[in-house]
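Comments concern the structure below.
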There are 2 protein chains.
Amino acid sequence: VKRLAEGRVAVVGLGLMGGSLAGALRGRCRAVVGVARRTETIEAALARGLVDRGTADLASGVRQADVVILATPARAILHTLDEIGPLLPEGCLLMDLGSTKAQIVARMAALPGHVQPLGGHPMCGKEVSGIEAADPALYQGHIFVLTPLARTSEAALVQGCALVEAIGGRPLILPPERHDRLVAVVSHLPYLLACALVGTAEATASIDPLVWGVAASGFRDTSRLAASDVTMMLDILLTNREPVLEALEDCAGQLRDLARLVDSGDEGGLRDALAAVRERRTEIGNPKPET
Amino acid sequence: VKRLAEGRVAVVGLGLMGGSLAGALRGRCRAVVGVARRTETIEAALARGLVDRGTADLASGVRQADVVILATPARAILHTLDEIGPLLPEGCLLMDLGSTKAQIVARMAALPGHVQPLGGHPMCGKEVSGIEAADPALYQGHIFVLTPLARTSEAALVQGCALVEAIGGRPLILPPERHDRLVAVVSHLPYLLACALVGTAEATASIDPLVWGVAASGFRDTSRLAASDVTMMLDILLTNREPVLEALEDCAGQLRDLARLVDSGDEGGLRDALAAVRERRTEIGNPKPET
């Protein structure tokens, strides 16, 4: 295991997350190689100075890498994990940025023994996607979950933490299942609520199109996540089905409780419920406009 | 009916909305009188230059007013409407900023004949409340719904529109019931979804407190409205029960549809649903960071 500054890093997938990561790592290691299917993506990454070199060929992109980071949507990561093992050099650290971890880490366990696997998930993003939206500052100050396997060496984990810190992230080590249950509530559920809100407004618009005209900041904030990249979210939902369904069920129960209080006109009960939620939300705060 | 520049305006209630309105009107009319129960509120409004004069006495505050605007939560407006009629001078325009309109407009219909009533609801706000949060620019560029009664004169409606334009708002004339159905979807439903999201996270936190530690910008945006003022929201929900319950039911149906697609692993159906919602949400855009 080399020090990051001396290592070659390959980033597979140059969308918002991969492009931002490449840009954040460039200059902090020996070289950053970007791997992407489309020539235009590679050209854009080179033009924006996010990578030192780019290629559409996975094998040549990772051949000399000390660290490889898979930065595609979750199901593309699963697919790449099936074929990448034999392409990697001895002792290579293989990380990923997949938004769900249990299935990916299970697939990593089947990698050949000469590879050091380490699951990862940075807790940041934007509702826009693609290399055009890439921003090397994207990870600054944000939690970056790492999910080591039983076979991950201590040295590989230390290297993973160093990489996270090099891009300004805050490493947080978690078991993959725990990660997946947490993000189902704090990330996947908000997305689905945003989708349901837009869906409800759309249904209302078929009766009264003015609904879009009167939608103000509250609607925009609450529905912002509905503009997230579809393939990324589809992969997330389909690789985290049970925790997502559980979160949806819990939330449906919360909504039923609120509806019951409104329906019955139970002023005291409703006030208590809204006050408790307000107190908690105010505690969390809005530390800075995150992107 | 006097021109606004020559009129005396009384604002009853000096919280976020009333304080901002007073500040926006000051200098654009002959005088702005603020009416508030608490002495500290009046002092703060005077100190911040939001009003020309302040009083805790409703009768003396409105006695010489050409325009009176009720800017308290909805149920306090209903209560004030029961007693304010005899206190108002001949031909006085009586407006309100209540977030729901059907009940308030019905109560306005019972006002004595010498008063000109006009319902109003500015489509803006913040999740913070109180005179400290007041901002004369709050109404700039935002829709301001006006709900005239059958008895409202054309001259009174013109004066109401002039007042809205004077504070930078965009007047939109709507029947009260239509307004209430629309805001149930674009404003009250997002609030309840935010509450249910915080409630779900709170329930999760009792099992795994780390839930707050990994909540990122997506969670914060989607749950922001849960920090709204409790009395204001309580009044809104209790004076708009039927449209709110209808919106909740529609949204629960949307969530059930999404859960069914996730549960069945229907990739094509799920992709279509998410793509349709994304397209619509992207169309709406995020024109400017609204406050």
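In the structure tokens, the first chain shown is A, the next is B, and so on; residue numbers restart at 1 for each chain, and ligands run from 1 in the order shown.
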*Near Arg107 in chain B, within 9 Å and counting only C-alpha atoms, which residues show up once chain neighbours fewer than 6 positions away are dropped, as a ChimeraX atom specification?*
/B:78,81-82
*Counting only C-alpha atoms, which residues of chain B come no farther than 7 Å from chain A, as a PyMOL selection string?*
chain B and resi 123-124+143+182+185-187+190+193+195-201+211+214-223+225-228+230+234+237-238+241+245+250-251+254-255+259+262-263+265+271+274-275+277-278+281-282+286+290
For those residues, write C-alpha atoms to a file as a PDB file, in the first residue's frame.
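Final output, saved to selection.pdb:
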```pdb
ATOM      1  CA  MET B 123     -47.529  33.239  -1.400  1.00  0.00           C
ATOM      2  CA  CYS B 124     -44.262  33.721   0.417  1.00  0.00           C
ATOM      3  CA  ILE B 143     -47.811  36.044  -5.995  1.00  0.00           C
ATOM      4  CA  LEU B 182     -54.469  24.877  -4.409  1.00  0.00           C
ATOM      5  CA  VAL B 185     -51.413  20.837  -2.347  1.00  0.00           C
ATOM      6  CA  VAL B 186     -48.554  23.310  -2.850  1.00  0.00           C
ATOM      7  CA  SER B 187     -48.129  24.510   0.731  1.00  0.00           C
ATOM      8  CA  PRO B 190     -45.327  19.898   1.719  1.00  0.00           C
ATOM      9  CA  LEU B 193     -44.607  15.673   4.378  1.00  0.00           C
ATOM     10  CA  CYS B 195     -43.300  16.736   9.460  1.00  0.00           C
ATOM     11  CA  ALA B 196     -43.765  13.063   8.599  1.00  0.00           C
ATOM     12  CA  LEU B 197     -40.150  12.875   7.404  1.00  0.00           C
ATOM     13  CA  VAL B 198     -38.815  14.329  10.653  1.00  0.00           C
ATOM     14  CA  GLY B 199     -41.166  12.022  12.586  1.00  0.00           C
ATOM     15  CA  THR B 200     -39.848   8.989  10.699  1.00  0.00           C
ATOM     16  CA  ALA B 201     -36.227  10.015  11.345  1.00  0.00           C
ATOM     17  CA  VAL B 211     -29.570   9.054  11.725  1.00  0.00           C
ATOM     18  CA  VAL B 214     -25.761  11.241   8.324  1.00  0.00           C
ATOM     19  CA  ALA B 215     -28.660  13.522   7.342  1.00  0.00           C
ATOM     20  CA  ALA B 216     -27.341  15.691   4.493  1.00  0.00           C
ATOM     21  CA  SER B 217     -28.701  18.470   2.291  1.00  0.00           C
ATOM     22  CA  GLY B 218     -31.437  16.323   0.762  1.00  0.00           C
ATOM     23  CA  PHE B 219     -32.939  15.637   4.165  1.00  0.00           C
ATOM     24  CA  ARG B 220     -32.578  19.264   5.224  1.00  0.00           C
ATOM     25  CA  ASP B 221     -34.285  20.653   2.135  1.00  0.00           C
ATOM     26  CA  THR B 222     -37.140  18.178   2.200  1.00  0.00           C
ATOM     27  CA  SER B 223     -37.768  18.714   5.930  1.00  0.00           C
ATOM     28  CA  LEU B 225     -40.873  23.383   6.400  1.00  0.00           C
ATOM     29  CA  ALA B 226     -41.211  21.264   9.555  1.00  0.00           C
ATOM     30  CA  ALA B 227     -39.595  24.198  11.406  1.00  0.00           C
ATOM     31  CA  SER B 228     -42.539  26.475  10.501  1.00  0.00           C
ATOM     32  CA  VAL B 230     -46.672  25.925  15.039  1.00  0.00           C
ATOM     33  CA  LEU B 234     -52.159  24.657  13.371  1.00  0.00           C
ATOM     34  CA  LEU B 237     -54.642  22.899   9.073  1.00  0.00           C
ATOM     35  CA  LEU B 238     -57.712  23.431  11.258  1.00  0.00           C
ATOM     36  CA  ARG B 241     -59.335  20.474   6.905  1.00  0.00           C
ATOM     37  CA  LEU B 245     -57.183  15.676   4.017  1.00  0.00           C
ATOM     38  CA  ASP B 250     -53.901  11.780  -2.952  1.00  0.00           C
ATOM     39  CA  CYS B 251     -50.292  11.832  -1.802  1.00  0.00           C
ATOM     40  CA  GLN B 254     -48.808   8.301  -4.897  1.00  0.00           C
ATOM     41  CA  LEU B 255     -46.561   6.828  -2.186  1.00  0.00           C
ATOM     42  CA  ALA B 259     -43.890   1.415  -2.938  1.00  0.00           C
ATOM     43  CA  VAL B 262     -40.183  -0.825  -5.641  1.00  0.00           C
ATOM     44  CA  ASP B 263     -41.613  -3.924  -3.977  1.00  0.00           C
ATOM     45  CA  GLY B 265     -38.965  -4.709  -8.717  1.00  0.00           C
ATOM     46  CA  ARG B 271     -38.144   4.215 -14.357  1.00  0.00           C
ATOM     47  CA  LEU B 274     -39.390   8.594 -11.785  1.00  0.00           C
ATOM     48  CA  ALA B 275     -38.610  10.028 -15.229  1.00  0.00           C
ATOM     49  CA  VAL B 277     -41.678  13.268 -12.103  1.00  0.00           C
ATOM     50  CA  ARG B 278     -38.120  14.399 -12.848  1.00  0.00           C
ATOM     51  CA  ARG B 281     -39.794  19.035 -11.470  1.00  0.00           C
ATOM     52  CA  THR B 282     -37.012  20.149 -13.808  1.00  0.00           C
ATOM     53  CA  ASN B 286     -35.471  26.860  -9.015  1.00  0.00           C
ATOM     54  CA  GLU B 290     -36.469  32.402  -2.292  1.00  0.00           C
TER      55      GLU B 290
END
```
*Find the residues around Pro117 in chain B up to 8 Å (only C-alpha atoms counted), leave out those fewer than 5 positions away in its own chain, and share them as a PyMOL selection string.*
chain B and resi 93-95+108-109+111+148-149+151-152
*If you measure from CA of Ala31 in chain B to CA of Arg8 in chain B, what distance in Å do you get, rounded to one decimal?*
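The value is 4.9 Å.
Separating CA of Lys101 in chain B from CA of Ile69 in chain B is a distance of 14.3 Å.
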Polymer residues at most 8 Å from range 166-170 of chain A, only C-alpha atoms, same-chain spacing of 4 or more positions, as a PDB file with N, CA, C and O atoms, in the first residue's frame:
```
ATOM      1  N   LEU A  21     -14.778  13.848  -7.815  1.00  0.00           N
ATOM      2  CA  LEU A  21     -13.739  13.137  -7.074  1.00  0.00           C
ATOM      3  C   LEU A  21     -12.399  13.232  -7.798  1.00  0.00           C
ATOM      4  O   LEU A  21     -11.355  13.517  -7.184  1.00  0.00           O
ATOM      5  N   ALA A  24     -10.971  16.590  -7.355  1.00  0.00           N
ATOM      6  CA  ALA A  24     -10.507  16.826  -5.986  1.00  0.00           C
ATOM      7  C   ALA A  24      -9.189  16.106  -5.714  1.00  0.00           C
ATOM      8  O   ALA A  24      -8.367  16.565  -4.919  1.00  0.00           O
ATOM      9  N   LEU A  25      -8.978  14.973  -6.388  1.00  0.00           N
ATOM     10  CA  LEU A  25      -7.761  14.177  -6.156  1.00  0.00           C
ATOM     11  C   LEU A  25      -6.585  14.641  -7.007  1.00  0.00           C
ATOM     12  O   LEU A  25      -5.423  14.459  -6.642  1.00  0.00           O
ATOM     13  N   ARG A  28      -3.073  15.763  -5.877  1.00  0.00           N
ATOM     14  CA  ARG A  28      -2.807  15.196  -4.539  1.00  0.00           C
ATOM     15  C   ARG A  28      -2.296  13.757  -4.646  1.00  0.00           C
ATOM     16  O   ARG A  28      -2.122  13.080  -3.636  1.00  0.00           O
ATOM     17  N   PRO A 122     -20.121   8.755  -0.201  1.00  0.00           N
ATOM     18  CA  PRO A 122     -20.075  10.145   0.248  1.00  0.00           C
ATOM     19  C   PRO A 122     -21.490  10.695   0.420  1.00  0.00           C
ATOM     20  O   PRO A 122     -22.310  10.558  -0.476  1.00  0.00           O
ATOM     21  N   PRO A 136     -14.908  19.991  -7.815  1.00  0.00           N
ATOM     22  CA  PRO A 136     -13.938  19.379  -6.902  1.00  0.00           C
ATOM     23  C   PRO A 136     -14.202  19.686  -5.426  1.00  0.00           C
ATOM     24  O   PRO A 136     -13.719  18.985  -4.544  1.00  0.00           O
ATOM     25  N   ALA A 137     -15.002  20.717  -5.128  1.00  0.00           N
ATOM     26  CA  ALA A 137     -15.308  21.056  -3.734  1.00  0.00           C
ATOM     27  C   ALA A 137     -16.515  20.291  -3.199  1.00  0.00           C
ATOM     28  O   ALA A 137     -16.909  20.472  -2.045  1.00  0.00           O
ATOM     29  N   TYR A 139     -17.088  17.424  -2.036  1.00  0.00           N
ATOM     30  CA  TYR A 139     -16.975  16.562  -0.843  1.00  0.00           C
ATOM     31  C   TYR A 139     -16.591  17.313   0.423  1.00  0.00           C
ATOM     32  O   TYR A 139     -16.642  16.761   1.511  1.00  0.00           O
ATOM     33  N   GLN A 140     -16.195  18.559   0.276  1.00  0.00           N
ATOM     34  CA  GLN A 140     -15.700  19.387   1.390  1.00  0.00           C
ATOM     35  C   GLN A 140     -16.665  19.410   2.566  1.00  0.00           C
ATOM     36  O   GLN A 140     -17.787  19.886   2.459  1.00  0.00           O
ATOM     37  N   GLY A 141     -16.200  18.899   3.708  1.00  0.00           N
ATOM     38  CA  GLY A 141     -16.974  19.000   4.941  1.00  0.00           C
ATOM     39  C   GLY A 141     -18.067  17.956   5.098  1.00  0.00           C
ATOM     40  O   GLY A 141     -18.753  17.941   6.118  1.00  0.00           O
ATOM     41  N   HIS A 142     -18.230  17.083   4.097  1.00  0.00           N
ATOM     42  CA  HIS A 142     -19.315  16.110   4.169  1.00  0.00           C
ATOM     43  C   HIS A 142     -18.843  14.749   4.688  1.00  0.00           C
ATOM     44  O   HIS A 142     -17.708  14.341   4.453  1.00  0.00           O
ATOM     45  N   ILE A 143     -19.771  14.070   5.359  1.00  0.00           N
ATOM     46  CA  ILE A 143     -19.518  12.705   5.806  1.00  0.00           C
ATOM     47  C   ILE A 143     -19.279  11.814   4.580  1.00  0.00           C
ATOM     48  O   ILE A 143     -19.962  11.953   3.566  1.00  0.00           O
ATOM     49  N   PHE A 144     -18.302  10.920   4.700  1.00  0.00           N
ATOM     50  CA  PHE A 144     -18.013   9.940   3.648  1.00  0.00           C
ATOM     51  C   PHE A 144     -17.967   8.593   4.362  1.00  0.00           C
ATOM     52  O   PHE A 144     -17.012   8.290   5.064  1.00  0.00           O
ATOM     53  N   ALA A 162      -7.403   8.181   4.264  1.00  0.00           N
ATOM     54  CA  ALA A 162      -6.529   9.258   3.794  1.00  0.00           C
ATOM     55  C   ALA A 162      -7.077   9.868   2.510  1.00  0.00           C
ATOM     56  O   ALA A 162      -7.038  11.094   2.317  1.00  0.00           O
TER      57      ALA A 162
END
```
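Using only C-alpha atoms, the residues found no farther than 8 Å from Leu97 in chain B, other than those of its own chain fewer than 6 positions away, are Met17, Ile69, Leu70, Ala71, Thr72, Gly119, Gly120, His121 and Pro122 of chain B.
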Can those selected residues be exported to a file as a short mmCIF file (atom, residue, chain, number, x, y, z; two decimals), in the first residue's frame so that it contains N, CA and C atoms?
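Listed below is the output, result_28.cif:
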```cif
data_model
loop_
_atom_site.label_atom_id
_atom_site.label_comp_id
_atom_site.auth_asym_id
_atom_site.auth_seq_id
_atom_site.Cartn_x
_atom_site.Cartn_y
_atom_site.Cartn_z
N MET B 17 -44.95 38.21 8.89
CA MET B 17 -45.70 38.70 7.74
C MET B 17 -46.13 40.15 7.94
N ILE B 69 -55.07 45.92 7.76
CA ILE B 69 -54.66 44.59 7.29
C ILE B 69 -54.42 43.69 8.49
N LEU B 70 -55.19 42.61 8.56
CA LEU B 70 -55.05 41.65 9.67
C LEU B 70 -53.94 40.66 9.30
N ALA B 71 -52.91 40.61 10.14
CA ALA B 71 -51.71 39.82 9.79
C ALA B 71 -51.36 38.84 10.91
N THR B 72 -52.37 38.29 11.55
CA THR B 72 -52.15 37.28 12.59
C THR B 72 -52.41 35.90 11.99
N GLY B 119 -60.24 39.59 1.01
CA GLY B 119 -59.33 38.55 1.49
C GLY B 119 -58.00 38.60 0.75
N GLY B 120 -56.93 38.22 1.43
CA GLY B 120 -55.62 38.21 0.79
C GLY B 120 -54.73 37.11 1.34
N HIS B 121 -53.82 36.63 0.49
CA HIS B 121 -52.82 35.66 0.95
C HIS B 121 -51.56 35.76 0.11
N PRO B 122 -50.50 36.34 0.68
CA PRO B 122 -49.23 36.41 -0.05
C PRO B 122 -48.56 35.03 -0.07
#
```
*In range 43-239 of chain A, what's strand (DSSP E) per DSSP? Answer as a PyMOL selection string?*
chain A and resi 53-55+67-70+93-96+116-122+143-148+170-173
Expected file contents, prior selection, C-alpha atoms, as a tab-separated table (two decimals), in the first residue's frame:
```
chain	number	residue	atom	x	y	z
A	53	ARG	CA	-5.52	11.08	-18.61
A	54	GLY	CA	-8.73	9.53	-19.88
A	55	THR	CA	-9.70	6.29	-21.58
A	67	VAL	CA	-6.36	2.86	-6.15
A	68	VAL	CA	-9.46	2.29	-8.30
A	69	ILE	CA	-12.74	4.01	-7.45
A	70	LEU	CA	-15.99	2.94	-9.09
A	93	LEU	CA	-7.33	-0.75	-3.29
A	94	LEU	CA	-10.76	-1.00	-4.92
A	95	MET	CA	-13.31	1.50	-3.62
A	96	ASP	CA	-16.71	2.62	-4.84
A	116	GLN	CA	-8.21	-4.89	-1.27
A	117	PRO	CA	-11.94	-3.97	-1.42
A	118	LEU	CA	-13.50	-1.10	0.54
A	119	GLY	CA	-17.08	0.13	0.17
A	120	GLY	CA	-17.70	3.87	0.25
A	121	HIS	CA	-20.53	6.37	0.08
A	122	PRO	CA	-20.08	10.15	0.25
A	143	ILE	CA	-19.52	12.70	5.81
A	144	PHE	CA	-18.01	9.94	3.65
A	145	VAL	CA	-19.13	6.52	4.85
A	146	LEU	CA	-16.62	3.67	4.51
A	147	THR	CA	-17.79	0.05	4.80
A	148	PRO	CA	-14.74	-2.28	5.12
A	170	ARG	CA	-15.07	13.20	6.95
A	171	PRO	CA	-14.64	9.39	7.07
A	172	LEU	CA	-17.28	7.44	9.02
A	173	ILE	CA	-16.86	3.67	9.26
```
